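Worksheet: the structure to be examined is printed underneath.
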Amino acid sequence: MRKLCAGNWKMNGLKAEALALVRGLAARVKAEPLACDVLVCPPATVLAAVAAAIGDSGIALGGQDCHPADRGAHTGDVSAPMLKDAGCRFVIVGHSERRADHGESDAMVRAKGEAALRAGLSVIFCIGETLAERDAGRTLEVVGRQIESSLPPGLEAGDFAVAYEPVWAIGTGRTPTAAQVAEVHGHIRRAIAAKTREQDSVRLLYGGSVKPENAVALMAAGDVDGALVGGASLVAADFWAIARACG
Ligand code: PGA
């Protein structure tokens with residue numbers, strides 16, 4: 001299946017930086033079309049500017065989070081219909097930084113996913129174990145529970161992807177081995193199959209310290225259908241190199 005290379009810019013990118021980044025990326029994509037899909041998820045404040053700069057390059061736009069409600073009295077939040085209206089096709093939900101910083105539970109992540117689906121967005125559900133959970137040998141149990149509780153029922157393959165992001169690998173420079181990634185992705189695929197009628201056609205992304213230097217090995221691990229990239233997505237040349245590794 002066609003891989004997905006997704007860039008999660010997190011809380012980075014004033015307008016000038018964001019425009020320089022996406023223009024650099026669009027120029028590369030236009031000069032040398034990729035064999036994978038490319039997605040950027042900038043902060044909400046620059047979505048409109050980035051959408052305009054993306055032009056006809058084929059790069060997709062996504063949000064980093066959405067509220068479970070479509071509208072209403074929720075100061076500071078962004079709804080899924082707002083993301084759609086701003087030109088997004090995707091949204092990330094359940095990122096470990098949201099789970100940690102905002103106390104988001106699996107039930108909350110599921111409600112956000114449902115809101116995104118109502119709005120016609122494709123959802124990237126993030127899951128992953130902490131270091132303590134891995135050290136305790138609970139990785140498969142944890143990601144299995146997150147799949148069971150964070151994904152809404154009735155999902156179809158085209159509606160969603162799952163990003164496996166070990167919390168201890170995010171922003172740390174540490175990564176699991178290809179064998180560890182393959183083991184967890186295989187387990188995730190079986191958990192998805194048990195929960196939905198979809199399995200082989202769901203994209204499973206790996207995220208956590210993906211860099212140009214390790215992307216080829218991580219993308220070659222079994223059952224990996226793309227990458228969710230944080231820090232390295234802020235440098236056009238690095239993100240481009242990772243996207244090429246995905247293709
Ligand atoms: P990182 O972040 O690539 O900076 O480790 C990945 C993520 O949090 O999605």
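By convention in this document, the chains of the structure tokens carry letters A, B, ... by their order, each chain's residues are numbered from 1, and ligands are numbered from 1 in the order they are shown.
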- request: Taking only C-alpha atoms and all ligand atoms into account, report as a PyMOL selection string which residues have an atom no farther than 10 Å from an atom of ligand 1.
  value: chain A and resi 6-10+64+92+95-97+126+163-175+206-211+227-234
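Residues with any atom within 9 Å of Lys84 (chain A), counting only C-alpha atoms and excluding same-chain neighbours fewer than 2 positions away, are Gly62, Gly63, Ser79, Ala80, Pro81, Met82, Ala86, Gly87, Cys88, Arg89, Phe90, Ala116, Ala119, Gly120 and Leu121 of chain A.
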task: Pick out the residues sitting within 7 Å of Val143 (chain A), and hand them over as an MDAnalysis selection string; count only C-alpha atoms, and ignore anything fewer than 6 positions along from it in its own chain.
output: chainID A and resid 127:129 188
task: Mind the document's chain letters and residue numbers, and return as a list in words the residues of region 158-199 of chain A that DSSP labels helix (DSSP H, G or I).
output: Gly158, Asp159, Val167, Trp168, Ala169, Ala178, Ala179, Gln180, Val181, Ala182, Glu183, Val184, His185, Gly186, His187, Ile188, Arg189, Arg190, Ala191, Ile192, Ala193, Ala194 and Lys195 of chain A
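When only C-alpha atoms are used to measure the gap to Arg145 (chain A), the shortest distance among A:Val202, A:Ala107, A:Val181, A:Met1 belongs to A:Ala107.
The closest residue to Ala220 (chain A), picked from A:Gly247, A:Gly94, A:Gly144, A:Pro33 and counting only C-alpha atoms, is A:Gly247.
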query: What residues in region 11-246 of chain A get the DSSP label strand (DSSP E or B)? Please answer as a PyMOL selection string.
result: chain A and resi 37-41+60-63+67+79+90-93+122-127+160-164+203-207+226-229
Output C-alpha atoms for every residue in the selection just made, as a short mmCIF file (atom, residue, chain, number, x, y, z; two decimals), in the first residue's frame.
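Produced file selection_32.cif, reproduced below:
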data_model
loop_
_atom_site.label_atom_id
_atom_site.label_comp_id
_atom_site.auth_asym_id
_atom_site.auth_seq_id
_atom_site.Cartn_x
_atom_site.Cartn_y
_atom_site.Cartn_z
CA ASP A 37 1.64 10.48 0.39
CA VAL A 38 2.96 13.53 2.23
CA LEU A 39 1.07 15.30 5.01
CA VAL A 40 1.95 18.33 7.12
CA CYS A 41 0.18 19.16 10.39
CA ALA A 60 -2.02 17.17 2.29
CA LEU A 61 -2.88 19.33 5.29
CA GLY A 62 -3.88 18.12 8.75
CA GLY A 63 -4.68 19.37 12.23
CA HIS A 67 -12.49 18.99 20.09
CA SER A 79 -13.37 21.78 16.08
CA PHE A 90 -6.46 14.72 8.22
CA VAL A 91 -6.30 15.19 11.96
CA ILE A 92 -4.06 13.62 14.60
CA VAL A 93 -5.84 12.52 17.79
CA SER A 122 -9.23 11.03 7.99
CA VAL A 123 -8.01 10.31 11.54
CA ILE A 124 -4.52 9.38 12.73
CA PHE A 125 -4.96 7.68 16.11
CA CYS A 126 -1.76 7.76 18.20
CA ILE A 127 -0.94 5.04 20.69
CA PHE A 160 -8.07 6.18 9.58
CA ALA A 161 -4.47 5.28 10.26
CA VAL A 162 -2.81 4.27 13.52
CA ALA A 163 0.52 5.75 14.61
CA TYR A 164 2.56 3.65 17.01
CA ARG A 203 -1.93 2.25 7.38
CA LEU A 204 0.22 1.72 10.47
CA LEU A 205 2.71 4.54 10.98
CA TYR A 206 5.75 4.48 13.21
CA GLY A 207 6.63 7.68 15.12
CA GLY A 226 4.71 5.25 6.94
CA ALA A 227 6.05 7.66 9.52
CA LEU A 228 4.78 10.30 11.91
CA VAL A 229 7.66 12.74 12.23
#
- request: Fewer than 2 positions away in the same chain doesn't count, so skip those; otherwise give me all residues within 7 Å of Cys246 (chain A), counting only C-alpha atoms, as JSON, numbers by chain.
  value: {"A": [3, 5, 36, 219, 226, 242, 243, 244]}
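Residue nearest Arg190 (chain A) within the list A:Glu17, A:Leu140, A:Ile54, A:Phe239: A:Leu140 [criterion: smallest interatomic distance, only C-alpha atoms].
Of the residues listed (A:Ala136, A:Glu198, A:Gly222, A:Ala217), A:Gly222 shows the shortest atom-to-atom separation from Gly186 (chain A); distances use only C-alpha atoms.
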Proximity of region 130-203 of chain A to region 98-103 of chain A: per-residue shortest pair, 12 Å limit, only C-alpha atoms, as a tab-separated table:
residue	atom	partner	partner_atom	distance
A:Thr130	CA	A:Ala100	CA	10.9
A:Gln146	CA	A:Arg99	CA	11.7
A:Ser150	CA	A:Arg99	CA	11.6
A:Val167	CA	A:Ala100	CA	10.1
Selected residues written out with N, CA and C atoms, as a PDB file, in the first residue's frame:
ATOM      1  N   THR A 130       4.663   3.794  27.618  1.00  0.00           N
ATOM      2  CA  THR A 130       5.715   4.543  28.312  1.00  0.00           C
ATOM      3  C   THR A 130       6.915   3.613  28.536  1.00  0.00           C
ATOM      4  N   GLN A 146      -5.285   0.359  24.117  1.00  0.00           N
ATOM      5  CA  GLN A 146      -5.494   1.661  23.478  1.00  0.00           C
ATOM      6  C   GLN A 146      -6.272   1.513  22.165  1.00  0.00           C
ATOM      7  N   SER A 150      -9.640   3.413  22.164  1.00  0.00           N
ATOM      8  CA  SER A 150      -9.514   4.726  21.512  1.00  0.00           C
ATOM      9  C   SER A 150     -10.163   4.769  20.133  1.00  0.00           C
ATOM     10  N   VAL A 167       6.244   6.295  23.840  1.00  0.00           N
ATOM     11  CA  VAL A 167       6.419   7.605  24.482  1.00  0.00           C
ATOM     12  C   VAL A 167       7.903   7.888  24.732  1.00  0.00           C
TER      13      VAL A 167
END
query: Using only C-alpha atoms, which residues sit within 10 Å of Ser149 (chain A) once same-chain residues fewer than 6 positions away are excluded, as an MDAnalysis selection string?
result: chainID A and resid 105:110 143 195
Could you write those residues out with N, CA, C and O atoms, as a PDB file, in the first residue's frame?
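See selection35.pdb below for the written result:
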ATOM      1  N   SER A 105      -8.027  10.871  27.971  1.00  0.00           N
ATOM      2  CA  SER A 105      -8.233   9.434  28.149  1.00  0.00           C
ATOM      3  C   SER A 105      -8.516   8.780  26.793  1.00  0.00           C
ATOM      4  O   SER A 105      -8.779   9.465  25.796  1.00  0.00           O
ATOM      5  N   ASP A 106      -8.508   7.453  26.785  1.00  0.00           N
ATOM      6  CA  ASP A 106      -8.896   6.735  25.567  1.00  0.00           C
ATOM      7  C   ASP A 106     -10.313   7.132  25.128  1.00  0.00           C
ATOM      8  O   ASP A 106     -10.582   7.272  23.939  1.00  0.00           O
ATOM      9  N   ALA A 107     -11.213   7.310  26.103  1.00  0.00           N
ATOM     10  CA  ALA A 107     -12.604   7.668  25.768  1.00  0.00           C
ATOM     11  C   ALA A 107     -12.657   9.040  25.095  1.00  0.00           C
ATOM     12  O   ALA A 107     -13.417   9.263  24.141  1.00  0.00           O
ATOM     13  N   MET A 108     -11.834   9.965  25.581  1.00  0.00           N
ATOM     14  CA  MET A 108     -11.782  11.302  24.974  1.00  0.00           C
ATOM     15  C   MET A 108     -11.217  11.224  23.555  1.00  0.00           C
ATOM     16  O   MET A 108     -11.725  11.865  22.624  1.00  0.00           O
ATOM     17  N   VAL A 109     -10.191  10.414  23.391  1.00  0.00           N
ATOM     18  CA  VAL A 109      -9.577  10.255  22.068  1.00  0.00           C
ATOM     19  C   VAL A 109     -10.605   9.672  21.092  1.00  0.00           C
ATOM     20  O   VAL A 109     -10.730  10.109  19.942  1.00  0.00           O
ATOM     21  N   ARG A 110     -11.359   8.713  21.577  1.00  0.00           N
ATOM     22  CA  ARG A 110     -12.397   8.112  20.733  1.00  0.00           C
ATOM     23  C   ARG A 110     -13.454   9.148  20.337  1.00  0.00           C
ATOM     24  O   ARG A 110     -13.879   9.210  19.176  1.00  0.00           O
ATOM     25  N   VAL A 143      -0.836  -1.277  24.131  1.00  0.00           N
ATOM     26  CA  VAL A 143      -1.302  -0.818  22.811  1.00  0.00           C
ATOM     27  C   VAL A 143      -2.601  -1.533  22.423  1.00  0.00           C
ATOM     28  O   VAL A 143      -3.472  -0.940  21.768  1.00  0.00           O
ATOM     29  N   LYS A 195     -11.266  -5.591  16.057  1.00  0.00           N
ATOM     30  CA  LYS A 195     -12.185  -4.497  16.408  1.00  0.00           C
ATOM     31  C   LYS A 195     -12.992  -4.028  15.207  1.00  0.00           C
ATOM     32  O   LYS A 195     -14.129  -3.585  15.334  1.00  0.00           O
TER      33      LYS A 195
END
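With only C-alpha atoms as the atoms that count, the minimum distance from Ala27 (chain A) to the choices A:Leu83, A:Leu218, A:Val142, A:Ala237 is reached by A:Ala237.
Restricting the calculation to only C-alpha atoms, the smallest distance between Gly158 (chain A) and any of A:Asp200, A:Asp65, A:Asp70, A:Asp135 is found for A:Asp200.
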